[in-house]
Structure formats: C-alpha cells, structure tokens
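Structure file data27.pdb; described as PDB, C-alpha atoms, pLDDT in the B column.
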```
ATOM      1  CA  MET A   1       0.000   0.000   0.000  1.00 47.00           C
ATOM      2  CA  THR A   2       2.921   2.363   0.594  1.00 45.00           C
ATOM      3  CA  ALA A   3       4.150   1.980  -2.979  1.00 46.00           C
ATOM      4  CA  VAL A   4       3.285   4.800  -5.332  1.00 50.00           C
ATOM      5  CA  ARG A   5       2.319   2.368  -8.077  1.00 64.00           C
ATOM      6  CA  ARG A   6      -0.238  -0.314  -7.324  1.00 84.00           C
ATOM      7  CA  PRO A   7      -1.955  -2.488  -9.945  1.00 91.00           C
ATOM      8  CA  LEU A   8      -5.601  -1.913  -8.975  1.00 95.00           C
ATOM      9  CA  PRO A   9      -5.660   1.905  -9.296  1.00 95.00           C
ATOM     10  CA  VAL A  10      -3.897   1.696 -12.676  1.00 95.00           C
ATOM     11  CA  LEU A  11      -6.405  -0.841 -14.002  1.00 96.00           C
ATOM     12  CA  LEU A  12      -9.316   1.204 -12.683  1.00 97.00           C
ATOM     13  CA  ALA A  13      -7.977   4.398 -14.277  1.00 96.00           C
ATOM     14  CA  TRP A  14      -7.714   2.736 -17.689  1.00 97.00           C
ATOM     15  CA  ALA A  15     -11.169   1.169 -17.312  1.00 97.00           C
ATOM     16  CA  VAL A  16     -12.742   4.537 -16.439  1.00 98.00           C
ATOM     17  CA  ALA A  17     -10.988   6.229 -19.377  1.00 97.00           C
ATOM     18  CA  ALA A  18     -12.251   3.534 -21.769  1.00 97.00           C
ATOM     19  CA  ALA A  19     -15.789   3.726 -20.392  1.00 97.00           C
ATOM     20  CA  LEU A  20     -15.722   7.520 -20.683  1.00 97.00           C
ATOM     21  CA  ALA A  21     -14.798   7.303 -24.350  1.00 97.00           C
ATOM     22  CA  LEU A  22     -17.547   4.737 -24.921  1.00 97.00           C
ATOM     23  CA  SER A  23     -20.156   6.867 -23.151  1.00 96.00           C
ATOM     24  CA  ALA A  24     -19.258   9.840 -25.363  1.00 96.00           C
ATOM     25  CA  TRP A  25     -20.178   7.862 -28.470  1.00 95.00           C
ATOM     26  CA  GLY A  26     -23.716   8.766 -29.547  1.00 92.00           C
ATOM     27  CA  PRO A  27     -25.257  10.031 -26.271  1.00 94.00           C
ATOM     28  CA  ARG A  28     -28.926  10.975 -26.348  1.00 91.00           C
ATOM     29  CA  ASP A  29     -28.130  14.552 -25.400  1.00 88.00           C
ATOM     30  CA  ARG A  30     -24.576  15.893 -25.760  1.00 90.00           C
ATOM     31  CA  THR A  31     -25.066  18.743 -23.277  1.00 86.00           C
ATOM     32  CA  THR A  32     -26.461  16.398 -20.639  1.00 86.00           C
ATOM     33  CA  TRP A  33     -23.567  14.010 -21.192  1.00 93.00           C
ATOM     34  CA  PHE A  34     -21.064  16.786 -20.566  1.00 91.00           C
ATOM     35  CA  LEU A  35     -22.854  18.111 -17.468  1.00 87.00           C
ATOM     36  CA  GLU A  36     -23.079  14.645 -15.936  1.00 89.00           C
ATOM     37  CA  THR A  37     -19.556  13.502 -16.764  1.00 94.00           C
ATOM     38  CA  VAL A  38     -17.674  16.755 -16.088  1.00 93.00           C
ATOM     39  CA  TRP A  39     -16.807  15.362 -12.644  1.00 93.00           C
ATOM     40  CA  VAL A  40     -15.029  12.458 -14.346  1.00 97.00           C
ATOM     41  CA  LEU A  41     -13.411  14.676 -16.971  1.00 96.00           C
ATOM     42  CA  VAL A  42     -11.898  16.812 -14.213  1.00 96.00           C
ATOM     43  CA  GLY A  43     -11.449  14.225 -11.463  1.00 96.00           C
ATOM     44  CA  LEU A  44      -9.562  11.515 -13.354  1.00 97.00           C
ATOM     45  CA  PRO A  45      -6.721  13.779 -14.595  1.00 97.00           C
ATOM     46  CA  LEU A  46      -6.540  15.426 -11.160  1.00 97.00           C
ATOM     47  CA  ILE A  47      -6.056  12.071  -9.421  1.00 96.00           C
ATOM     48  CA  VAL A  48      -3.403  11.034 -11.945  1.00 95.00           C
ATOM     49  CA  LEU A  49      -1.483  14.312 -11.617  1.00 96.00           C
ATOM     50  CA  THR A  50      -1.471  14.254  -7.801  1.00 96.00           C
ATOM     51  CA  TRP A  51      -0.975  10.505  -7.371  1.00 95.00           C
ATOM     52  CA  ARG A  52       2.711  10.528  -6.461  1.00 92.00           C
ATOM     53  CA  ARG A  53       2.189  13.165  -3.797  1.00 93.00           C
ATOM     54  CA  PHE A  54      -1.220  11.964  -2.558  1.00 94.00           C
ATOM     55  CA  PRO A  55      -2.063   8.344  -3.504  1.00 95.00           C
ATOM     56  CA  LEU A  56      -5.540   7.157  -2.565  1.00 96.00           C
ATOM     57  CA  THR A  57      -6.552   3.912  -0.886  1.00 96.00           C
ATOM     58  CA  ASP A  58      -7.685   1.027  -3.065  1.00 96.00           C
ATOM     59  CA  LEU A  59     -11.137   1.207  -1.471  1.00 97.00           C
ATOM     60  CA  LEU A  60     -11.587   4.829  -2.479  1.00 98.00           C
ATOM     61  CA  CYS A  61     -10.241   4.176  -5.979  1.00 97.00           C
ATOM     62  CA  ALA A  62     -12.724   1.342  -6.513  1.00 98.00           C
ATOM     63  CA  LEU A  63     -15.646   3.410  -5.241  1.00 98.00           C
ATOM     64  CA  LEU A  64     -14.688   6.385  -7.401  1.00 98.00           C
ATOM     65  CA  ALA A  65     -14.526   4.108 -10.442  1.00 98.00           C
ATOM     66  CA  VAL A  66     -18.002   2.704  -9.731  1.00 98.00           C
ATOM     67  CA  HIS A  67     -19.378   6.205  -9.194  1.00 98.00           C
ATOM     68  CA  ALA A  68     -17.807   7.322 -12.464  1.00 97.00           C
ATOM     69  CA  LEU A  69     -19.602   4.495 -14.276  1.00 97.00           C
ATOM     70  CA  VAL A  70     -22.918   5.533 -12.705  1.00 97.00           C
ATOM     71  CA  LEU A  71     -22.372   9.110 -13.894  1.00 96.00           C
ATOM     72  CA  MET A  72     -21.368   8.027 -17.387  1.00 97.00           C
ATOM     73  CA  VAL A  73     -24.392   5.764 -17.831  1.00 96.00           C
ATOM     74  CA  GLY A  74     -26.665   8.578 -16.653  1.00 94.00           C
ATOM     75  CA  GLY A  75     -24.929  11.007 -18.969  1.00 93.00           C
ATOM     76  CA  HIS A  76     -25.136   8.714 -21.995  1.00 96.00           C
ATOM     77  CA  TYR A  77     -28.823   7.855 -21.693  1.00 94.00           C
ATOM     78  CA  THR A  78     -29.977  10.758 -19.437  1.00 90.00           C
ATOM     79  CA  TYR A  79     -31.035   9.678 -15.956  1.00 88.00           C
ATOM     80  CA  ALA A  80     -34.746   9.517 -16.790  1.00 87.00           C
ATOM     81  CA  GLN A  81     -34.170   7.138 -19.722  1.00 91.00           C
ATOM     82  CA  VAL A  82     -31.573   4.633 -18.512  1.00 94.00           C
ATOM     83  CA  PRO A  83     -32.796   1.229 -19.803  1.00 95.00           C
ATOM     84  CA  LEU A  84     -32.049  -0.596 -16.543  1.00 94.00           C
ATOM     85  CA  GLY A  85     -34.091   2.005 -14.654  1.00 93.00           C
ATOM     86  CA  ASP A  86     -36.958   1.552 -17.110  1.00 93.00           C
ATOM     87  CA  TRP A  87     -36.858  -2.200 -16.485  1.00 95.00           C
ATOM     88  CA  VAL A  88     -36.966  -1.694 -12.711  1.00 94.00           C
ATOM     89  CA  ARG A  89     -39.859   0.765 -13.079  1.00 92.00           C
ATOM     90  CA  ASP A  90     -41.901  -1.602 -15.246  1.00 94.00           C
ATOM     91  CA  THR A  91     -41.076  -4.723 -13.219  1.00 94.00           C
ATOM     92  CA  PHE A  92     -41.998  -3.251  -9.840  1.00 94.00           C
ATOM     93  CA  GLY A  93     -44.776  -0.942 -11.032  1.00 91.00           C
ATOM     94  CA  LEU A  94     -43.036   2.282 -10.064  1.00 88.00           C
ATOM     95  CA  ASP A  95     -44.253   5.668 -11.270  1.00 87.00           C
ATOM     96  CA  ARG A  96     -40.802   6.826 -12.448  1.00 89.00           C
ATOM     97  CA  ASN A  97     -37.396   5.635 -13.566  1.00 91.00           C
ATOM     98  CA  PRO A  98     -35.474   5.164 -10.274  1.00 91.00           C
ATOM     99  CA  TYR A  99     -31.948   5.487 -11.706  1.00 94.00           C
ATOM    100  CA  ASP A 100     -31.813   9.127 -10.611  1.00 92.00           C
ATOM    101  CA  ARG A 101     -32.498   8.089  -7.004  1.00 92.00           C
ATOM    102  CA  PHE A 102     -29.729   5.503  -7.216  1.00 95.00           C
ATOM    103  CA  GLY A 103     -27.378   8.138  -8.599  1.00 94.00           C
ATOM    104  CA  HIS A 104     -28.006  10.393  -5.608  1.00 94.00           C
ATOM    105  CA  LEU A 105     -27.515   7.526  -3.171  1.00 96.00           C
ATOM    106  CA  MET A 106     -24.106   7.093  -4.769  1.00 96.00           C
ATOM    107  CA  GLN A 107     -23.595  10.860  -4.519  1.00 94.00           C
ATOM    108  CA  GLY A 108     -23.574  10.382  -0.757  1.00 96.00           C
ATOM    109  CA  PHE A 109     -22.074   6.886  -0.474  1.00 98.00           C
ATOM    110  CA  VAL A 110     -18.870   7.457  -2.457  1.00 97.00           C
ATOM    111  CA  PRO A 111     -18.027  11.056  -1.498  1.00 97.00           C
ATOM    112  CA  ALA A 112     -18.340  10.018   2.161  1.00 98.00           C
ATOM    113  CA  VAL A 113     -15.231   7.854   1.792  1.00 98.00           C
ATOM    114  CA  LEU A 114     -13.480  10.619  -0.165  1.00 98.00           C
ATOM    115  CA  VAL A 115     -14.249  13.230   2.495  1.00 97.00           C
ATOM    116  CA  ARG A 116     -13.315  10.810   5.273  1.00 97.00           C
ATOM    117  CA  GLU A 117      -9.973  10.065   3.631  1.00 97.00           C
ATOM    118  CA  LEU A 118      -9.149  13.733   3.086  1.00 97.00           C
ATOM    119  CA  LEU A 119     -10.068  14.666   6.651  1.00 96.00           C
ATOM    120  CA  SER A 120      -8.199  11.686   8.111  1.00 95.00           C
ATOM    121  CA  ARG A 121      -5.015  12.511   6.221  1.00 94.00           C
ATOM    122  CA  THR A 122      -4.989  16.319   6.321  1.00 93.00           C
ATOM    123  CA  SER A 123      -6.573  17.209   9.664  1.00 93.00           C
ATOM    124  CA  PRO A 124      -6.422  16.144  13.346  1.00 93.00           C
ATOM    125  CA  LEU A 125      -9.815  14.416  13.025  1.00 92.00           C
ATOM    126  CA  ARG A 126      -8.458  10.870  12.577  1.00 88.00           C
ATOM    127  CA  GLY A 127      -9.735   8.913  15.561  1.00 88.00           C
ATOM    128  CA  SER A 128     -12.052  11.723  16.641  1.00 92.00           C
ATOM    129  CA  ARG A 129     -15.742  11.186  17.357  1.00 94.00           C
ATOM    130  CA  TRP A 130     -16.408  14.204  15.118  1.00 96.00           C
ATOM    131  CA  LEU A 131     -15.075  12.547  11.963  1.00 97.00           C
ATOM    132  CA  ALA A 132     -18.260  10.616  11.131  1.00 97.00           C
ATOM    133  CA  PRO A 133     -20.820  13.440  11.609  1.00 97.00           C
ATOM    134  CA  LEU A 134     -18.631  15.996   9.834  1.00 97.00           C
ATOM    135  CA  THR A 135     -18.201  13.585   6.927  1.00 98.00           C
ATOM    136  CA  VAL A 136     -21.960  13.161   6.568  1.00 98.00           C
ATOM    137  CA  CYS A 137     -22.518  16.918   6.888  1.00 97.00           C
ATOM    138  CA  ALA A 138     -19.954  17.599   4.151  1.00 97.00           C
ATOM    139  CA  CYS A 139     -21.695  15.159   1.800  1.00 96.00           C
ATOM    140  CA  LEU A 140     -25.093  16.693   2.487  1.00 95.00           C
ATOM    141  CA  ALA A 141     -23.645  20.163   1.854  1.00 95.00           C
ATOM    142  CA  PHE A 142     -22.206  18.974  -1.459  1.00 93.00           C
ATOM    143  CA  SER A 143     -25.596  17.538  -2.421  1.00 92.00           C
ATOM    144  CA  ALA A 144     -27.256  20.882  -1.650  1.00 91.00           C
ATOM    145  CA  VAL A 145     -24.668  22.731  -3.765  1.00 91.00           C
ATOM    146  CA  PHE A 146     -25.288  20.273  -6.615  1.00 83.00           C
ATOM    147  CA  GLU A 147     -29.022  20.969  -6.418  1.00 83.00           C
ATOM    148  CA  MET A 148     -28.297  24.695  -6.684  1.00 85.00           C
ATOM    149  CA  LEU A 149     -26.176  24.004  -9.747  1.00 81.00           C
ATOM    150  CA  GLU A 150     -29.121  22.123 -11.241  1.00 75.00           C
ATOM    151  CA  TRP A 151     -31.361  25.089 -10.423  1.00 78.00           C
ATOM    152  CA  ALA A 152     -28.901  27.424 -12.164  1.00 78.00           C
ATOM    153  CA  ALA A 153     -28.840  25.135 -15.199  1.00 70.00           C
ATOM    154  CA  ALA A 154     -32.649  25.186 -15.309  1.00 69.00           C
ATOM    155  CA  VAL A 155     -32.728  28.988 -15.157  1.00 71.00           C
ATOM    156  CA  ILE A 156     -30.096  29.366 -17.868  1.00 74.00           C
ATOM    157  CA  GLY A 157     -31.095  26.495 -20.122  1.00 62.00           C
ATOM    158  CA  GLY A 158     -34.871  26.479 -19.691  1.00 60.00           C
ATOM    159  CA  GLN A 159     -36.489  23.410 -21.237  1.00 55.00           C
ATOM    160  CA  ALA A 160     -33.127  22.381 -22.684  1.00 51.00           C
ATOM    161  CA  ALA A 161     -32.021  21.483 -19.139  1.00 52.00           C
ATOM    162  CA  ASP A 162     -34.938  19.116 -18.472  1.00 53.00           C
ATOM    163  CA  ALA A 163     -32.877  16.027 -19.346  1.00 55.00           C
ATOM    164  CA  PHE A 164     -30.166  17.121 -16.910  1.00 56.00           C
ATOM    165  CA  LEU A 165     -32.647  17.813 -14.097  1.00 56.00           C
ATOM    166  CA  ALA A 166     -34.456  14.459 -14.508  1.00 58.00           C
ATOM    167  CA  THR A 167     -37.277  15.550 -12.179  1.00 57.00           C
ATOM    168  CA  GLN A 168     -39.793  13.409 -14.105  1.00 62.00           C
ATOM    169  CA  GLY A 169     -42.631  15.605 -12.869  1.00 60.00           C
ATOM    170  CA  ASP A 170     -41.840  15.163  -9.155  1.00 67.00           C
ATOM    171  CA  VAL A 171     -42.217  18.492  -7.297  1.00 68.00           C
ATOM    172  CA  TRP A 172     -40.236  17.031  -4.366  1.00 75.00           C
ATOM    173  CA  ASP A 173     -37.372  15.822  -6.528  1.00 78.00           C
ATOM    174  CA  THR A 174     -34.815  18.182  -4.962  1.00 83.00           C
ATOM    175  CA  GLN A 175     -35.696  17.084  -1.438  1.00 88.00           C
ATOM    176  CA  TRP A 176     -35.623  13.419  -2.426  1.00 89.00           C
ATOM    177  CA  ASP A 177     -32.213  13.866  -4.041  1.00 91.00           C
ATOM    178  CA  MET A 178     -30.687  15.355  -0.892  1.00 93.00           C
ATOM    179  CA  PHE A 179     -32.367  12.751   1.308  1.00 95.00           C
ATOM    180  CA  CYS A 180     -30.932   9.953  -0.837  1.00 95.00           C
ATOM    181  CA  ALA A 181     -27.462  11.512  -0.554  1.00 96.00           C
ATOM    182  CA  LEU A 182     -27.900  11.693   3.229  1.00 97.00           C
ATOM    183  CA  ILE A 183     -28.859   8.001   3.389  1.00 97.00           C
ATOM    184  CA  GLY A 184     -25.930   7.042   1.166  1.00 97.00           C
ATOM    185  CA  ALA A 185     -23.383   9.003   3.209  1.00 98.00           C
ATOM    186  CA  THR A 186     -24.671   7.639   6.512  1.00 98.00           C
ATOM    187  CA  ALA A 187     -24.663   4.059   5.252  1.00 98.00           C
ATOM    188  CA  SER A 188     -21.143   4.479   3.882  1.00 98.00           C
ATOM    189  CA  VAL A 189     -19.763   5.729   7.201  1.00 97.00           C
ATOM    190  CA  LEU A 190     -21.478   2.935   9.133  1.00 97.00           C
ATOM    191  CA  VAL A 191     -20.467   0.109   6.794  1.00 98.00           C
ATOM    192  CA  LEU A 192     -17.046   1.059   5.440  1.00 98.00           C
ATOM    193  CA  SER A 193     -15.267   2.972   8.226  1.00 97.00           C
ATOM    194  CA  ARG A 194     -13.383   0.004   9.701  1.00 96.00           C
ATOM    195  CA  ALA A 195     -12.214  -1.302   6.339  1.00 97.00           C
ATOM    196  CA  HIS A 196     -11.245   2.217   5.345  1.00 97.00           C
ATOM    197  CA  ASP A 197      -9.208   2.705   8.525  1.00 96.00           C
ATOM    198  CA  ARG A 198      -7.302  -0.519   7.879  1.00 95.00           C
ATOM    199  CA  GLN A 199      -6.364   0.643   4.397  1.00 95.00           C
ATOM    200  CA  LEU A 200      -5.343   4.058   5.706  1.00 94.00           C
ATOM    201  CA  ASP A 201      -3.064   2.355   8.234  1.00 93.00           C
ATOM    202  CA  ARG A 202      -1.423   0.281   5.494  1.00 89.00           C
ATOM    203  CA  LEU A 203      -1.057   3.325   3.268  1.00 84.00           C
ATOM    204  CA  SER A 204       0.980   5.089   5.943  1.00 72.00           C
ATOM    205  CA  PRO A 205       1.585   3.919   9.515  1.00 59.00           C
ATOM    206  CA  SER A 206       1.791   7.550  10.629  1.00 51.00           C
ATOM    207  CA  TYR A 207      -1.962   7.848  10.250  1.00 50.00           C
ATOM    208  CA  SER A 208      -2.421   5.075  12.810  1.00 51.00           C
ATOM    209  CA  ASP A 209      -0.113   6.928  15.219  1.00 52.00           C
ATOM    210  CA  ALA A 210      -2.069  10.127  14.679  1.00 49.00           C
ATOM    211  CA  ALA A 211      -5.331   8.313  15.405  1.00 51.00           C
ATOM    212  CA  SER A 212      -3.942   6.936  18.662  1.00 54.00           C
ATOM    213  CA  THR A 213      -2.769  10.408  19.707  1.00 54.00           C
ATOM    214  CA  ALA A 214      -6.181  11.906  18.919  1.00 53.00           C
ATOM    215  CA  ALA A 215      -7.918   9.164  20.890  1.00 50.00           C
ATOM    216  CA  GLU A 216      -5.634   9.767  23.880  1.00 56.00           C
ATOM    217  CA  ARG A 217      -6.349  13.466  23.774  1.00 53.00           C
ATOM    218  CA  THR A 218     -10.080  12.793  23.680  1.00 49.00           C
ATOM    219  CA  SER A 219      -9.923  10.387  26.632  1.00 50.00           C
ATOM    220  CA  THR A 220      -7.817  12.730  28.768  1.00 51.00           C
ATOM    221  CA  ALA A 221      -9.784  15.856  27.941  1.00 50.00           C
ATOM    222  CA  GLY A 222     -12.474  14.893  30.448  1.00 50.00           C
ATOM    223  CA  THR A 223      -9.957  14.459  33.273  1.00 49.00           C
ATOM    224  CA  ARG A 224      -8.454  17.905  33.039  1.00 47.00           C
ATOM    225  CA  PRO A 225      -9.342  20.248  35.903  1.00 47.00           C
ATOM    226  CA  ARG A 226     -11.870  22.892  35.022  1.00 43.00           C
ATOM    227  CA  LEU A 227     -10.812  26.510  35.118  1.00 42.00           C
ATOM    228  CA  ARG A 228     -12.657  28.568  37.685  1.00 40.00           C
TER     229      ARG A 228
END
```
Please re-express this file's structure in structure tokens.
Amino acid sequence: MTAVRRPLPVLLAWAVAAALALSAWGPRDRTTWFLETVWVLVGLPLIVLTWRRFPLTDLLCALLAVHALVLMVGGHYTYAQVPLGDWVRDTFGLDRNPYDRFGHLMQGFVPAVLVRELLSRTSPLRGSRWLAPLTVCACLAFSAVFEMLEWAAAVIGGQAADAFLATQGDVWDTQWDMFCALIGATASVLVLSRAHDRQLDRLSPSYSDAASTAAERTSTAGTRPRLR
C-alpha cells in the first residue's frame, strides 16, 4: 500500500478512461452528457497528476470508479431514460425511472469515503468522534450545492435542461435527491469505516499513530481540571 504504483488503481484508471470514451459515443443529449460527466473529466486527470504526492486507498479508488460508471451511464442515456431504470420501473410498477435516485444515493455513499480520507489525512480528526458526523454533513452540503447548480442550469437552459434535471414531474425531486445523498453518506460511514481505517493504516503507519494520539487526547480531555 505504501508503494506509489499499485496495480488496482492503474487498471481502474484505464477502465474509467475507456468507459468515458464509450459513453461519449452517440449520447442521447450531448449537453447532458457533458454536465453529468464533467466530474469524471476533471477528477480523473486530477487524481493522476497528484498521485505521487497523494495516492488514494484502493477502497476509495474502486468506489470512485463505480461512481464514475454511474455518472457516465446517466450522462449517456440521461437519468430519466436509462434502460435498466426503465426495467426496474416496469417490473416493480413504479411511477418513475429510479436510476436518478440511485445516482443520488451514490452521490452520498462514495463522497463520504473521499471526504473521510481527506479529513483523516490532512486534519487532526483521525480517531475523533467528530469525523463521522462531519463527513456526513460535508456530503449533504455537497448535495445541496449540486441541487443549486441544477437550479442554475434550469434557469439558464430552460427546457433544454430538463434532461439534466431528470425531475420526471416530481415536485419534491430536490428534497428526495438530498435525502438519498444523506442516506448514502450515513450508510457508507457505518459500513465502510473500519475497512477504510485498515487501508489508511497500510497506506501510511503515521496515520495510525495520529489516530492513537487523537484518541488519547479525547480520553484525557475529560480528566483535566476545570478553570474557575
């Protein structure tokens, strides 16, 4: 894990690049494709350029790759017309294509690990009881900012932005999107934190030392005499 080059991240990077090229071939709406995949277009080169100085854990790399695929599928077909979502809608008698809801669950689930990794490695929060709630709050804030970006796109683009918004006639779509992101982030923190910590420890033992120091500070904080 301490090596700069590891096979899994390299394979994932090439797979995402290939899938991105494939998704750009004949999308249903070129503008929607760009708006949905811009995170991949910016994020993949950024990770590659900063890899030697700031390599990511294999867990985070895998999750980012999966999230990129979700974004690219939604961008290629538009979220309201993804064939798999249509099949789920028809099979279970739903009133809308649920792929958009799944996309926003991922918008909380994957960024939670990203935020947790950044905070663990660049702040004193590793081992702190505040790490989990601050991670969830950061993901919910990002979801709210994304909804404002969608609102801006609707104001600027008018009906041309309908495919990007993917509201499908639901007046509560914005609230549902943020709620799904909240559920995804919370589930991610609850399910993946231990595995993530183990990978952080293997990536650099200093993070484990920092976590122990933070835990000691937290445990001794309550024993300090109060100032009068």
Please identify every residue of stretch 71-149 of chain A that has at least one atom no farther than 12 Å from an atom of stretch 4-16 of chain A, counting all atoms listed in the file, and for each give the shortest atom pair and the distance in Å to one decimal, arranged by chain then increasing number, as a tab-separated table.
```
residue	atom	partner	partner_atom	distance
A:Leu71	CA	A:Val16	CA	11.0
A:Met72	CA	A:Val16	CA	9.4
A:Val73	CA	A:Val16	CA	11.8
```
- Message: Just the number, please: distance in Å from atom CA of A:Trp39 to atom CA of A:Arg89, one decimal.
- Response: 27.3 Å
- Item | Near-A:Cys137 list (9 Å; all atoms listed in the file; drop same-chain fewer than 4 positions) as a PyMOL selection string | chain A and resi 132-133+141-142+182+185
- For the file shown, report as JSON, numbers by chain the outcome of the PyMOL selection byres ((chain A and resi 186) around 12) at residue level. {"A": [105, 106, 107, 108, 109, 110, 111, 112, 113, 116, 132, 133, 134, 135, 136, 137, 138, 139, 140, 179, 180, 181, 182, 183, 184, 185, 187, 188, 189, 190, 191, 192, 193]}
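One distance worth recording is that between atom CA of A:Arg53 and atom CA of A:Ser143, which is 28.2 Å.
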